[in-house]
Every structure is written in structure tokens, then in C-alpha cells.
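Novice: Structure supplied as coords27.pdb; contents: PDB, C-alpha atoms.
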ATOM      1  CA  MET F 709       0.000   0.000   0.000
ATOM      2  CA  VAL F 710       1.174   3.522  -0.839
ATOM      3  CA  THR F 711       1.378   5.535   2.387
ATOM      4  CA  LEU F 712       1.082   9.229   3.079
ATOM      5  CA  ARG F 713       4.558   9.113   4.577
ATOM      6  CA  GLN F 714       5.980   7.844   1.287
ATOM      7  CA  LEU F 715       4.171  10.552  -0.655
ATOM      8  CA  ARG F 716       5.368  13.246   1.732
ATOM      9  CA  TYR F 717       8.971  12.086   1.503
ATOM     10  CA  PHE F 718       8.853  11.836  -2.273
ATOM     11  CA  GLU F 719       7.218  15.249  -2.662
ATOM     12  CA  ALA F 720      10.026  16.789  -0.604
ATOM     13  CA  LEU F 721      12.669  14.939  -2.631
ATOM     14  CA  ALA F 722      11.137  15.953  -5.966
ATOM     15  CA  ARG F 723      11.007  19.572  -4.816
ATOM     16  CA  THR F 724      14.515  19.824  -3.352
ATOM     17  CA  LYS F 725      16.188  17.286  -5.691
ATOM     18  CA  HIS F 726      18.513  16.425  -2.824
ATOM     19  CA  PHE F 727      18.217  13.499  -0.385
ATOM     20  CA  GLY F 728      19.868  15.357   2.479
ATOM     21  CA  MET F 729      17.699  18.477   2.163
ATOM     22  CA  ALA F 730      14.525  16.406   1.777
ATOM     23  CA  ALA F 731      15.420  14.357   4.863
ATOM     24  CA  ASP F 732      15.997  17.544   6.880
ATOM     25  CA  GLN F 733      12.653  18.979   5.816
ATOM     26  CA  CYS F 734      10.891  15.738   6.765
ATOM     27  CA  ALA F 735      12.838  15.467  10.058
ATOM     28  CA  VAL F 736      14.143  11.962   9.296
ATOM     29  CA  THR F 737      17.507  10.450   8.504
ATOM     30  CA  GLN F 738      18.632  10.252   4.900
ATOM     31  CA  PRO F 739      18.721   6.408   4.868
ATOM     32  CA  ALA F 740      15.151   6.292   6.227
ATOM     33  CA  LEU F 741      13.939   8.636   3.512
ATOM     34  CA  SER F 742      15.800   6.728   0.804
ATOM     35  CA  MET F 743      14.266   3.455   1.970
ATOM     36  CA  GLN F 744      10.754   4.893   1.795
ATOM     37  CA  ILE F 745      11.384   6.192  -1.744
ATOM     38  CA  LYS F 746      12.566   2.734  -2.833
ATOM     39  CA  ASP F 747       9.482   1.146  -1.242
ATOM     40  CA  LEU F 748       7.291   3.608  -3.133
ATOM     41  CA  GLU F 749       9.017   2.773  -6.413
ATOM     42  CA  ARG F 750       8.477  -0.959  -5.798
ATOM     43  CA  GLU F 751       4.824  -0.410  -4.897
ATOM     44  CA  LEU F 752       4.144   1.693  -7.999
ATOM     45  CA  GLY F 753       6.363  -0.337 -10.303
ATOM     46  CA  VAL F 754       8.117   2.697 -11.823
ATOM     47  CA  GLU F 755      11.422   4.475 -11.368
ATOM     48  CA  LEU F 756      10.764   7.861  -9.734
ATOM     49  CA  VAL F 757      14.267   9.311  -9.561
ATOM     50  CA  GLU F 758      17.592   8.847 -11.285
ATOM     51  CA  ARG F 759      20.355   8.805  -8.682
ATOM     52  CA  ARG F 760      23.458  10.729  -9.757
ATOM     53  CA  GLY F 761      25.812  10.733  -6.806
ATOM     54  CA  ASN F 762      24.894  13.657  -4.566
ATOM     55  CA  THR F 763      22.131  14.860  -6.876
ATOM     56  CA  ILE F 764      19.024  13.305  -8.390
ATOM     57  CA  ALA F 765      16.850  13.846 -11.437
ATOM     58  CA  VAL F 766      13.121  13.195 -11.297
ATOM     59  CA  THR F 767      11.914  10.937 -14.114
ATOM     60  CA  LEU F 768       8.946  11.852 -16.306
ATOM     61  CA  ALA F 769       6.784   9.389 -14.410
ATOM     62  CA  GLY F 770       8.170  10.782 -11.159
ATOM     63  CA  GLN F 771       7.225  14.351 -12.124
ATOM     64  CA  GLU F 772       3.608  13.341 -12.687
ATOM     65  CA  ILE F 773       3.483  11.322  -9.487
ATOM     66  CA  ALA F 774       5.079  14.181  -7.534
ATOM     67  CA  SER F 775       2.369  16.536  -8.812
ATOM     68  CA  ARG F 776      -0.359  14.099  -7.799
ATOM     69  CA  ALA F 777       1.320  13.489  -4.445
ATOM     70  CA  GLU F 778       1.299  17.224  -3.739
ATOM     71  CA  ALA F 779      -2.414  17.402  -4.544
ATOM     72  CA  ILE F 780      -3.163  14.412  -2.299
ATOM     73  CA  LEU F 781      -1.181  15.859   0.593
ATOM     74  CA  ASN F 782      -2.988  19.178   0.230
ATOM     75  CA  GLN F 783      -6.332  17.391   0.326
ATOM     76  CA  VAL F 784      -5.288  15.596   3.512
ATOM     77  CA  ARG F 785      -4.346  18.944   5.068
ATOM     78  CA  GLU F 786      -7.703  20.400   4.040
ATOM     79  CA  LEU F 787      -9.414  17.390   5.628
ATOM     80  CA  SER F 788      -7.644  18.106   8.902
ATOM     81  CA  ASP F 789      -8.535  21.797   8.605
ATOM     82  CA  PHE F 790     -12.192  20.931   8.048
ATOM     83  CA  ALA F 791     -12.263  18.784  11.168
ATOM     84  CA  ARG F 792     -10.540  21.518  13.160
ATOM     85  CA  GLN F 793     -13.294  24.002  12.277
ATOM     86  CA  HIS F 794     -15.656  22.059  14.529
ATOM     87  CA  GLN F 795     -13.366  22.734  17.489
ATOM     88  CA  GLY F 796     -13.952  26.497  17.273
ATOM     89  CA  VAL F 797     -12.412  29.524  15.565
ATOM     90  CA  LEU F 798      -8.616  29.852  15.692
ATOM     91  CA  THR F 799      -7.750  26.676  17.542
ATOM     92  CA  GLY F 800      -4.854  24.308  16.985
ATOM     93  CA  PRO F 801      -1.809  25.014  14.787
ATOM     94  CA  LEU F 802      -1.835  27.756  12.151
ATOM     95  CA  ARG F 803       1.285  28.357  10.037
ATOM     96  CA  LEU F 804       1.498  32.046   9.153
ATOM     97  CA  GLY F 805       4.053  33.572   6.798
ATOM     98  CA  ILE F 806       4.928  37.276   7.047
ATOM     99  CA  ILE F 807       7.062  39.508   4.832
ATOM    100  CA  PRO F 808      10.084  41.193   6.522
ATOM    101  CA  SER F 809       8.745  44.731   6.027
ATOM    102  CA  VAL F 810       5.704  43.878   8.175
ATOM    103  CA  ALA F 811       6.829  41.204  10.659
ATOM    104  CA  PRO F 812       8.898  43.253  13.155
ATOM    105  CA  TYR F 813       6.337  46.057  13.294
ATOM    106  CA  LEU F 814       3.102  44.072  13.767
ATOM    107  CA  LEU F 815       4.135  40.634  15.000
ATOM    108  CA  PRO F 816       4.661  41.555  18.697
ATOM    109  CA  ALA F 817       1.131  42.992  18.906
ATOM    110  CA  ILE F 818      -0.333  40.081  16.912
ATOM    111  CA  LEU F 819       1.171  37.511  19.277
ATOM    112  CA  THR F 820       0.030  39.459  22.347
ATOM    113  CA  ASP F 821      -3.577  39.676  21.134
ATOM    114  CA  VAL F 822      -3.630  36.050  19.943
ATOM    115  CA  GLU F 823      -2.485  34.838  23.360
ATOM    116  CA  ARG F 824      -5.187  36.906  25.038
ATOM    117  CA  GLN F 825      -8.127  36.311  22.685
ATOM    118  CA  TYR F 826      -7.351  32.868  21.223
ATOM    119  CA  PRO F 827      -5.315  30.908  23.799
ATOM    120  CA  ALA F 828      -6.052  27.590  22.031
ATOM    121  CA  LEU F 829      -4.323  28.803  18.846
ATOM    122  CA  ASP F 830      -0.783  27.601  18.148
ATOM    123  CA  LEU F 831       0.480  30.339  15.816
ATOM    124  CA  GLN F 832       3.650  29.258  13.989
ATOM    125  CA  ILE F 833       5.525  32.080  12.232
ATOM    126  CA  ARG F 834       7.651  32.013   9.084
ATOM    127  CA  GLU F 835       9.279  35.281   7.949
ATOM    128  CA  THR F 836      10.563  35.467   4.378
ATOM    129  CA  GLN F 837      10.107  37.278   1.075
ATOM    130  CA  THR F 838       6.874  37.365  -0.915
ATOM    131  CA  GLY F 839       7.855  34.918  -3.657
ATOM    132  CA  ALA F 840       8.794  32.197  -1.183
ATOM    133  CA  LEU F 841       5.647  32.808   0.898
ATOM    134  CA  ILE F 842       3.331  32.401  -2.081
ATOM    135  CA  GLU F 843       5.141  29.256  -3.229
ATOM    136  CA  GLU F 844       4.922  27.702   0.240
ATOM    137  CA  LEU F 845       1.298  28.780   0.614
ATOM    138  CA  VAL F 846       0.223  27.128  -2.643
ATOM    139  CA  ARG F 847       2.258  24.021  -1.824
ATOM    140  CA  GLY F 848       0.547  23.701   1.562
ATOM    141  CA  ASP F 849       3.566  24.399   3.771
ATOM    142  CA  LEU F 850       1.811  27.537   5.065
ATOM    143  CA  ASP F 851      -1.829  28.087   5.959
ATOM    144  CA  ALA F 852      -1.872  31.849   5.423
ATOM    145  CA  ALA F 853       0.462  34.738   4.654
ATOM    146  CA  LEU F 854       0.531  38.401   5.663
ATOM    147  CA  LEU F 855       1.960  40.402   2.762
ATOM    148  CA  ALA F 856       1.460  43.261   0.322
ATOM    149  CA  LEU F 857      -1.369  42.973  -2.211
ATOM    150  CA  PRO F 858      -2.245  42.322  -4.968
ATOM    151  CA  ILE F 859      -1.084  38.759  -5.594
ATOM    152  CA  GLN F 860      -1.205  37.336  -9.103
ATOM    153  CA  GLN F 861      -1.948  33.744  -8.121
ATOM    154  CA  PRO F 862      -5.335  32.189  -9.046
ATOM    155  CA  GLN F 863      -5.068  29.536  -6.324
ATOM    156  CA  VAL F 864      -4.904  32.179  -3.596
ATOM    157  CA  GLU F 865      -7.714  34.195  -2.009
ATOM    158  CA  THR F 866      -6.951  37.460  -0.225
ATOM    159  CA  MET F 867      -8.407  39.850   2.347
ATOM    160  CA  ALA F 868      -7.244  43.475   2.347
ATOM    161  CA  LEU F 869      -6.518  44.694   5.885
ATOM    162  CA  PHE F 870      -5.159  48.242   5.734
ATOM    163  CA  ASP F 871      -3.392  50.776   3.532
ATOM    164  CA  ASP F 872       0.120  51.770   4.534
ATOM    165  CA  ARG F 873       1.214  55.046   2.968
ATOM    166  CA  PHE F 874       4.803  55.839   2.033
ATOM    167  CA  LEU F 875       6.773  58.709   3.555
ATOM    168  CA  ILE F 876      10.008  60.213   2.268
ATOM    169  CA  ALA F 877      12.853  59.709   4.739
ATOM    170  CA  VAL F 878      15.699  62.243   4.437
ATOM    171  CA  GLN F 879      18.601  63.347   6.602
ATOM    172  CA  ARG F 880      17.249  65.944   9.043
ATOM    173  CA  GLN F 881      19.902  68.510   8.119
ATOM    174  CA  ALA F 882      18.685  68.416   4.506
ATOM    175  CA  ALA F 883      14.954  68.438   5.297
ATOM    176  CA  GLN F 884      14.478  72.193   4.861
ATOM    177  CA  GLY F 885      15.171  71.964   1.142
ATOM    178  CA  TRP F 886      12.145  69.682   0.741
ATOM    179  CA  ALA F 887       9.637  72.285   1.880
ATOM    180  CA  ASN F 888       8.783  73.562  -1.597
ATOM    181  CA  GLY F 889       8.507  72.148  -5.086
ATOM    182  CA  ASP F 890       7.263  68.903  -6.557
ATOM    183  CA  LEU F 891       8.295  66.023  -4.316
ATOM    184  CA  ARG F 892       8.157  63.445  -7.100
ATOM    185  CA  THR F 893      10.572  65.470  -9.205
ATOM    186  CA  ARG F 894      12.859  65.965  -6.213
ATOM    187  CA  ILE F 895      12.987  62.223  -5.512
ATOM    188  CA  GLY F 896      14.240  61.648  -9.033
ATOM    189  CA  GLN F 897      17.180  63.938  -8.340
ATOM    190  CA  GLU F 898      18.302  62.082  -5.221
ATOM    191  CA  ARG F 899      20.096  58.825  -4.533
ATOM    192  CA  LEU F 900      17.283  56.393  -3.737
ATOM    193  CA  LEU F 901      18.262  53.684  -1.264
ATOM    194  CA  LEU F 902      16.408  50.397  -1.742
ATOM    195  CA  LEU F 903      16.180  46.904  -0.347
ATOM    196  CA  GLU F 904      17.868  44.110  -2.279
ATOM    197  CA  GLU F 905      16.224  42.140  -5.083
ATOM    198  CA  GLY F 906      13.303  39.969  -4.007
ATOM    199  CA  HIS F 907      11.741  42.371  -1.513
ATOM    200  CA  CYS F 908       8.298  43.589  -2.580
ATOM    201  CA  LEU F 909       9.045  46.932  -0.903
ATOM    202  CA  ARG F 910      11.804  47.507  -3.444
ATOM    203  CA  ASP F 911       9.457  46.719  -6.333
ATOM    204  CA  GLN F 912       6.817  49.090  -4.977
ATOM    205  CA  ALA F 913       9.329  51.944  -4.668
ATOM    206  CA  LEU F 914      10.604  51.377  -8.198
ATOM    207  CA  GLN F 915       7.056  51.200  -9.510
ATOM    208  CA  PHE F 916       6.275  54.565  -7.957
ATOM    209  CA  CYS F 917       9.403  56.103  -9.462
ATOM    210  CA  HIS F 918       8.482  54.713 -12.877
ATOM    211  CA  ILE F 919       4.946  56.069 -12.668
ATOM    212  CA  ALA F 920       6.347  59.473 -11.753
ATOM    213  CA  ASN F 921       8.673  59.260 -14.787
ATOM    214  CA  MET F 922      11.795  59.195 -12.649
ATOM    215  CA  GLN F 923      14.861  57.013 -12.684
ATOM    216  CA  ALA F 924      15.876  55.503  -9.373
ATOM    217  CA  ARG F 925      19.605  55.715  -8.762
ATOM    218  CA  LYS F 926      20.425  52.364  -7.252
ATOM    219  CA  ALA F 927      23.183  52.899  -4.717
ATOM    220  CA  LEU F 928      22.490  50.169  -2.195
ATOM    221  CA  GLY F 929      20.769  46.803  -2.097
ATOM    222  CA  ALA F 930      20.266  46.364   1.644
ATOM    223  CA  ALA F 931      18.862  43.340   3.426
ATOM    224  CA  SER F 932      16.960  45.393   6.012
ATOM    225  CA  LEU F 933      15.236  48.719   6.508
ATOM    226  CA  THR F 934      17.430  49.302   9.551
ATOM    227  CA  THR F 935      20.521  49.434   7.314
ATOM    228  CA  ILE F 936      18.800  51.795   4.887
ATOM    229  CA  MET F 937      17.691  54.162   7.653
ATOM    230  CA  GLN F 938      21.225  54.333   9.041
ATOM    231  CA  MET F 939      22.440  55.277   5.554
ATOM    232  CA  VAL F 940      19.766  57.978   5.310
ATOM    233  CA  ALA F 941      20.734  59.347   8.725
ATOM    234  CA  ALA F 942      24.344  59.587   7.564
ATOM    235  CA  GLY F 943      23.322  61.559   4.470
ATOM    236  CA  HIS F 944      24.011  58.891   1.851
ATOM    237  CA  GLY F 945      20.593  59.106   0.215
ATOM    238  CA  ILE F 946      16.845  59.004   0.777
ATOM    239  CA  THR F 947      14.243  56.270   0.846
ATOM    240  CA  LEU F 948      10.506  55.677   0.694
ATOM    241  CA  LEU F 949       9.479  54.314   4.087
ATOM    242  CA  PRO F 950       6.118  52.693   4.924
ATOM    243  CA  GLU F 951       4.402  54.535   7.757
ATOM    244  CA  LEU F 952       3.993  51.241   9.610
ATOM    245  CA  CYS F 953       7.777  51.054   9.991
ATOM    246  CA  ALA F 954       8.377  54.655  11.044
ATOM    247  CA  GLN F 955       8.087  54.291  14.808
ATOM    248  CA  ALA F 956      10.704  51.539  15.021
ATOM    249  CA  GLU F 957      13.108  52.636  12.306
ATOM    250  CA  VAL F 958      13.350  56.432  12.490
ATOM    251  CA  ASP F 959      15.782  58.312  14.722
ATOM    252  CA  ARG F 960      13.953  61.659  14.869
ATOM    253  CA  GLN F 961      17.161  63.462  15.842
ATOM    254  CA  ARG F 962      18.859  62.447  12.584
ATOM    255  CA  VAL F 963      16.039  61.682  10.105
ATOM    256  CA  ALA F 964      13.043  63.720   8.980
ATOM    257  CA  LEU F 965       9.896  62.255   7.433
ATOM    258  CA  ILE F 966       8.272  64.183   4.599
ATOM    259  CA  GLU F 967       4.592  63.614   3.791
ATOM    260  CA  PHE F 968       3.227  63.765   0.271
ATOM    261  CA  PRO F 969       0.704  66.633   0.164
ATOM    262  CA  GLU F 970      -1.795  64.559  -1.824
ATOM    263  CA  ASP F 971      -2.114  61.239  -3.656
ATOM    264  CA  ALA F 972       0.556  59.665  -1.473
ATOM    265  CA  PRO F 973       1.843  56.345  -2.770
ATOM    266  CA  MET F 974       0.900  53.437  -0.536
ATOM    267  CA  ARG F 975       0.826  49.688  -0.263
ATOM    268  CA  THR F 976      -2.098  47.534   0.783
ATOM    269  CA  VAL F 977      -1.292  44.900   3.396
ATOM    270  CA  GLY F 978      -3.510  41.865   3.436
ATOM    271  CA  LEU F 979      -3.926  38.229   4.361
ATOM    272  CA  ALA F 980      -3.747  35.434   1.779
ATOM    273  CA  TRP F 981      -4.740  31.765   1.870
ATOM    274  CA  ARG F 982      -5.520  28.910  -0.533
ATOM    275  CA  ARG F 983      -8.952  29.091  -2.121
ATOM    276  CA  THR F 984      -9.500  25.425  -1.318
ATOM    277  CA  SER F 985      -8.881  25.892   2.407
ATOM    278  CA  SER F 986     -11.827  25.217   4.712
ATOM    279  CA  ARG F 987     -10.442  27.584   7.369
ATOM    280  CA  LYS F 988     -11.769  30.831   5.911
ATOM    281  CA  SER F 989     -13.507  31.674   9.187
ATOM    282  CA  ASP F 990     -10.117  31.368  10.933
ATOM    283  CA  PHE F 991      -8.423  33.648   8.421
ATOM    284  CA  THR F 992     -11.231  36.195   8.601
ATOM    285  CA  ALA F 993     -10.979  36.271  12.409
ATOM    286  CA  LEU F 994      -7.187  36.617  12.241
ATOM    287  CA  GLY F 995      -7.484  39.350   9.625
ATOM    288  CA  ASN F 996      -9.929  41.296  11.765
ATOM    289  CA  LEU F 997      -7.579  40.983  14.746
ATOM    290  CA  ILE F 998      -4.646  42.323  12.711
ATOM    291  CA  ARG F 999      -6.778  45.141  11.330
ATOM    292  CA  SER F1000      -7.823  46.188  14.845
ATOM    293  CA  ILE F1001      -4.278  46.379  16.237
ATOM    294  CA  LYS F1002      -2.827  48.273  13.270
ATOM    295  CA  GLN F1003      -4.445  51.583  14.242
ATOM    296  CA  PRO F1004      -2.407  52.204  17.417
ATOM    297  CA  TYR F1005       0.779  51.493  15.478
ATOM    298  CA  ALA F1006      -0.163  53.964  12.755
ATOM    299  CA  ALA F1007      -0.941  56.656  15.313
ATOM    300  CA  ALA F1008       2.335  56.082  17.150
ATOM    301  CA  GLY F1009       4.305  56.141  13.931
ATOM    302  CA  LYS F1010       2.619  59.257  12.535
ATOM    303  CA  PRO F1011       5.293  61.772  11.506
ATOM    304  CA  ALA F1012       5.532  64.987  13.441
ATOM    305  CA  ALA F1013       4.139  68.111  11.827
TER     306      ALA F1013
END
Please rewrite the model in this file as C-alpha cells.

Specialist:
Amino acid sequence: MVTLRQLRYFEALARTKHFGMAADQCAVTQPALSMQIKDLERELGVELVERRGNTIAVTLAGQEIASRAEAILNQVRELSDFARQHQGVLTGPLRLGIIPSVAPYLLPAILTDVERQYPALDLQIRETQTGALIEELVRGDLDAALLALPIQQPQVETMALFDDRFLIAVQRQAAQGWANGDLRTRIGQERLLLLEEGHCLRDQALQFCHIANMQARKALGAASLTTIMQMVAAGHGITLLPELCAQAEVDRQRVALIEFPEDAPMRTVGLAWRRTSSRKSDFTALGNLIRSIKQPYAAAGKPAA
């Protein structure tokens, strides 16, 4: 009989194409995983992988079986989710992914409110970039993800939570020169500091510059907003900073925040989950909780007049 364990091990192997990595992800030893793959091949009567020393290649038959295994495993997860719904809203484990430009600024409040309002919920957090979150969400490794919308993925349903406007962060000594004139034109004349490739915040900043017919001068591909804000404070450029991040990231003695007078660029932060998931009531409740705690953060991070 084909077992769910065999399918889970093979799905991980087909995805990673490495016995060691697949074994780590499945929390088993490499020999144990290899034995289960061989048992699966004997049961199905087909070769699933070609072993090439330290690497493997998935056969044509293996690619089709891996795709079907992923679908079966997702259905089993949805079955468990359906049963969990009868235990009440937001109970049991929930694997939530969060993008780095949201996690440090909302996660402490989210965890505090979850512990108080939903003590039976086991919230498991994964922080990484948008592309990885969507891939893991569709694959079933995550139940939901908190990220910037929109998402171009037909298998995913979303719930918009709040708009997060962008502010211009400049060195305080240079802030006076920003009082007059068109801000969009001025941004195009400055060195724009951005996050490294893969961060949605970088893409949103570049999109705004393109819409405003400006050319961003890439001077830095930083891994964190903290690095960028230190560069701004030292006078090495400017950046577009989400208001959500302002309270934690801005040293008001060294950095000034400039508001757009009208039509400020912004991002929409929302919650995403698989359309096939039966836990929509859980995600709606979690989304409403996140929406309710965002307001105090926005007020605290509001730039001074």
C-alpha cells in the first residue's frame, strides 16, 4: 500500500532534488527517507528518480506522481482543517508567513492579542520574502500569509486589511530643502536607497518612481530597513518608508519624514490563503484581529508636523 509518509517524503525529494535536504525537511535520517522512496518505487512499479551521486533527477513518471502526491497531501491537510473548524475559531496550529517589512512592526502585537483572545491557537511564524511565501502557501507548507497585495496567483484568495502610505525619509539637516517644489521630481534627483532584489518593498518603490517618470539611482541593495535608515541618517541618500515602519526605524534626531501633500503612494497589506482551504472563518478572524491592532501602530508612527 502507498502511504502518506511515502508521498510526503517523495514530494520533498522531488522539490529539493537532494536526499539530504529532503530528509531535513521531513525530520528523518537520509537512509530512512531513501528506503521509503525505494518502497514507493516498488509499490508503484516505476522508477521515480535517477540517482546521480549527490544529486538526483526526477523521471517523467516521477514528475507526474510528484504533482499528484502534492495534490493528495494538500487534500489531507484540508481534511484536517475541516475537522478543526468544529473545534472552534482559531484553535490548533496555524502556520502564518509574514514579509520582513511587516513582521517586526506588527508581529509583537499580533502575538500578544492572539495569546489573550485565542489561547487555544498555536500560531507558527515564518518570515521570508513574498515569492517564497506564495510558493509555500500554494504548496501547503503555510496556511496563510501576511503580505502586500495584490497577488497574481489564481489559487490564492486574499483579504485586504489596511493601507500603509509611504513617507520620504531624508537626513534631518537636509529636510528644509524639501519644503517647496514637486516632491516626485525631487525624488528623481536624489540617490534612492532600496532593499535588495526579491523584496516587494523595493518593487513598490521602483514602480512609484516609474509612474512618476523618474529614474531611481540604485546605490544600495540592503537586506533590512534598519541598514537603509542608518544610511539615510548619515546623508548617503533618501528612501521611501512605509508609515507602519516609522516608529521603530526612524531616529527623529537624525532623520526627517516628509509627507506627500496629496495622492501619497501606498501599499495595501492583506492576508492570503488557498482558495481550497476550509479555514476561511479562521483567516477572517485573524485578519480582523490584525486590522484592529494596526491603528495604534499607525498613530504612534505618525510623523511629526

Novice: Can you pull out the residues contacting Pro739 of chain F? Cut-off 12 Å, using all atoms listed in the file, and skip same-chain residues under 6 positions away; I want them as a list in words.

Specialist: Tyr717, Phe727, Gly728, Ala730, Ala731, Asp732, Ile745 and Lys746 of chain F

Novice: Report as a CSV table (one decimal) with C-alpha atoms, keeping the file's coordinate frame the residues that result from applying the PyMOL selection byres ((chain F and resi 726) around 12) to the structure here.

Specialist:
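Wrote part11.csv, looks like this:
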chain,number,residue,atom,x,y,z
F,717,TYR,CA,9.0,12.1,1.5
F,718,PHE,CA,8.9,11.8,-2.3
F,719,GLU,CA,7.2,15.2,-2.7
F,720,ALA,CA,10.0,16.8,-0.6
F,721,LEU,CA,12.7,14.9,-2.6
F,722,ALA,CA,11.1,16.0,-6.0
F,723,ARG,CA,11.0,19.6,-4.8
F,724,THR,CA,14.5,19.8,-3.4
F,725,LYS,CA,16.2,17.3,-5.7
F,727,PHE,CA,18.2,13.5,-0.4
F,728,GLY,CA,19.9,15.4,2.5
F,729,MET,CA,17.7,18.5,2.2
F,730,ALA,CA,14.5,16.4,1.8
F,731,ALA,CA,15.4,14.4,4.9
F,732,ASP,CA,16.0,17.5,6.9
F,733,GLN,CA,12.7,19.0,5.8
F,738,GLN,CA,18.6,10.3,4.9
F,741,LEU,CA,13.9,8.6,3.5
F,742,SER,CA,15.8,6.7,0.8
F,757,VAL,CA,14.3,9.3,-9.6
F,758,GLU,CA,17.6,8.8,-11.3
F,759,ARG,CA,20.4,8.8,-8.7
F,760,ARG,CA,23.5,10.7,-9.8
F,761,GLY,CA,25.8,10.7,-6.8
F,762,ASN,CA,24.9,13.7,-4.6
F,763,THR,CA,22.1,14.9,-6.9
F,764,ILE,CA,19.0,13.3,-8.4
F,765,ALA,CA,16.8,13.8,-11.4
F,766,VAL,CA,13.1,13.2,-11.3

Novice: Using all atoms listed in the file, find each residue of segment 750-825 of chain F with at least one atom at most 12 Å away from an atom of segment 928-950 of chain F; report its shortest atom-to-atom pair and that distance in Å (one decimal), sort the rows by chain and rising residue number, and return the result as a tab-separated table.

Specialist:
residue	atom	partner	partner_atom	distance
F:Ile807	CA	F:Ser932	CA	11.6
F:Pro808	CA	F:Ser932	CA	8.1
F:Ser809	CA	F:Leu933	CA	7.6
F:Val810	CA	F:Pro950	CA	9.4
F:Ala811	CA	F:Ser932	CA	11.9
F:Pro812	CA	F:Leu933	CA	10.7
F:Tyr813	CA	F:Pro950	CA	10.7

Novice: For Thr976 of chain F, which residue out of F:Glu898, F:Asp851, F:Asp872, F:Asp911 is the nearest one, using all atoms listed in the file?

Specialist: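 Ranked by minimum distance to Thr976 of chain F, first place goes to F:Asp872.
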
Novice: Could you write out as a list in words the residues that the PyMOL selection byres ((chain F and resi 875) around 9) matches in the shown file?

Specialist: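 This file gives the following for the PyMOL selection byres ((chain F and resi 875) around 9): Arg873, Phe874, Ile876, Ala877, Thr947, Leu948, Leu949, Pro950, Glu951, Ala954, Leu965, Ile966, Glu967, Phe968, Ala972, Pro973, Met974 and Pro1011 of chain F.
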
Novice: What is the distance between atom CA of Asp990 of chain F and atom CA of Ala856 of chain F, in Å to one decimal?

Specialist: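 Going from atom CA of Asp990 of chain F over to atom CA of Ala856 of chain F, I get 19.7 Å.
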
Novice: Would you mind telling me which residue in F:Arg975, F:Leu829, F:Ser989, F:Ala769 lies nearest to Gln915 of chain F when using all atoms listed in the file?

Specialist: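 Answer, going by the shortest atom-to-atom distance: F:Arg975.
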
Novice: Please write as a short mmCIF file (atom, residue, chain, number, x, y, z; two decimals) with C-alpha atoms, in the frame of the given file the full residue list that the PyMOL selection byres ((chain F and resi 772) around 12) yields on this file.

Specialist:
data_model
loop_
_atom_site.label_atom_id
_atom_site.label_comp_id
_atom_site.auth_asym_id
_atom_site.auth_seq_id
_atom_site.Cartn_x
_atom_site.Cartn_y
_atom_site.Cartn_z
CA PHE F 718 8.85 11.84 -2.27
CA GLU F 719 7.22 15.25 -2.66
CA ALA F 722 11.14 15.95 -5.97
CA VAL F 754 8.12 2.70 -11.82
CA GLU F 755 11.42 4.47 -11.37
CA LEU F 756 10.76 7.86 -9.73
CA VAL F 757 14.27 9.31 -9.56
CA VAL F 766 13.12 13.20 -11.30
CA THR F 767 11.91 10.94 -14.11
CA LEU F 768 8.95 11.85 -16.31
CA ALA F 769 6.78 9.39 -14.41
CA GLY F 770 8.17 10.78 -11.16
CA GLN F 771 7.22 14.35 -12.12
CA ILE F 773 3.48 11.32 -9.49
CA ALA F 774 5.08 14.18 -7.53
CA SER F 775 2.37 16.54 -8.81
CA ARG F 776 -0.36 14.10 -7.80
CA ALA F 777 1.32 13.49 -4.44
CA GLU F 778 1.30 17.22 -3.74
CA ALA F 779 -2.41 17.40 -4.54
#

Novice: Which of these residues is nearest to Gln961 of chain F, using only C-alpha atoms: F:Arg824, F:Arg803, F:Arg899, F:Arg880?

Specialist: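 Closest to Gln961 of chain F, using only C-alpha atoms: F:Arg880.
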
Novice: Find the residues near Gln832 of chain F: any atom within 8 Å, counting only C-alpha atoms, skip ones fewer than 6 places away on the same chain, and give them as a list in words.

Specialist: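 Here the qualifying residues turn out to be Pro801, Leu802, Arg803 and Leu804 of chain F.
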
Novice: To one decimal place in Å, what is the distance between atom CA of Phe870 of chain F and atom CA of Ala887 of chain F?

Specialist: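 Rounded to one decimal, the two atoms are 28.5 Å apart.
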
Novice: Just the residues within 10 Å of Pro862 of chain F, please, counting only C-alpha atoms, with nothing from its chain fewer than 5 positions along; format it as a PDB file with C-alpha atoms, in the frame of the given file.

Specialist:
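Output (out_29.pdb):
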ATOM      1  CA  VAL F 846       0.223  27.128  -2.643  1.00  0.00           C
ATOM      2  CA  ARG F 982      -5.520  28.910  -0.533  1.00  0.00           C
ATOM      3  CA  ARG F 983      -8.952  29.091  -2.121  1.00  0.00           C
TER       4      ARG F 983
END

Novice: Put the listed atoms of segment 770-785 of chain F in a box along x, y and z with 5 Å added on every side and give me the centre and edge lengths in Å to one decimal, as lines of an AutoDock Vina configuration file.

Specialist:
center_x = 0.9
center_y = 15.0
center_z = -3.8
size_x = 24.5
size_y = 18.4
size_z = 27.8

Novice: Would you compute the distance between atom CA of Thr992 of chain F and atom CA of Met867 of chain F? Give it in Å to one decimal.

Specialist: 7.8 Å

Novice: Excluding Asp849 of chain F and any residue of its chain fewer than 3 positions from it, enumerate the residues within 10 Å of it, using all atoms listed in the file, and give them as number ranges by chain.

Specialist: F: 782, 785, 803-805, 841-846, 852

Novice: Kindly export the residues of the current selection with C-alpha atoms, as a PDB file, keeping the file's coordinate frame.

Specialist:
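Output (out29.pdb):
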ATOM      1  CA  ASN F 782      -2.988  19.178   0.230  1.00  0.00           C
ATOM      2  CA  ARG F 785      -4.346  18.944   5.068  1.00  0.00           C
ATOM      3  CA  ARG F 803       1.285  28.357  10.037  1.00  0.00           C
ATOM      4  CA  LEU F 804       1.498  32.046   9.153  1.00  0.00           C
ATOM      5  CA  GLY F 805       4.053  33.572   6.798  1.00  0.00           C
ATOM      6  CA  LEU F 841       5.647  32.808   0.898  1.00  0.00           C
ATOM      7  CA  ILE F 842       3.331  32.401  -2.081  1.00  0.00           C
ATOM      8  CA  GLU F 843       5.141  29.256  -3.229  1.00  0.00           C
ATOM      9  CA  GLU F 844       4.922  27.702   0.240  1.00  0.00           C
ATOM     10  CA  LEU F 845       1.298  28.780   0.614  1.00  0.00           C
ATOM     11  CA  VAL F 846       0.223  27.128  -2.643  1.00  0.00           C
ATOM     12  CA  ALA F 852      -1.872  31.849   5.423  1.00  0.00           C
TER      13      ALA F 852
END

Novice: From the options F:Ala828, F:Ile859, F:Ala964, F:Leu798, which residue's atoms come nearest to Gln879 of chain F, counting only C-alpha atoms?

Specialist: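 Using only C-alpha atoms, Gln879 of chain F sits closest to F:Ala964.
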
Novice: Which one is closest to Leu815 of chain F: F:Asp830, F:Glu835, F:Glu865, F:Glu749? Count all atoms listed in the file.

Specialist: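 So, comparing all the options, the nearest one is F:Glu835.
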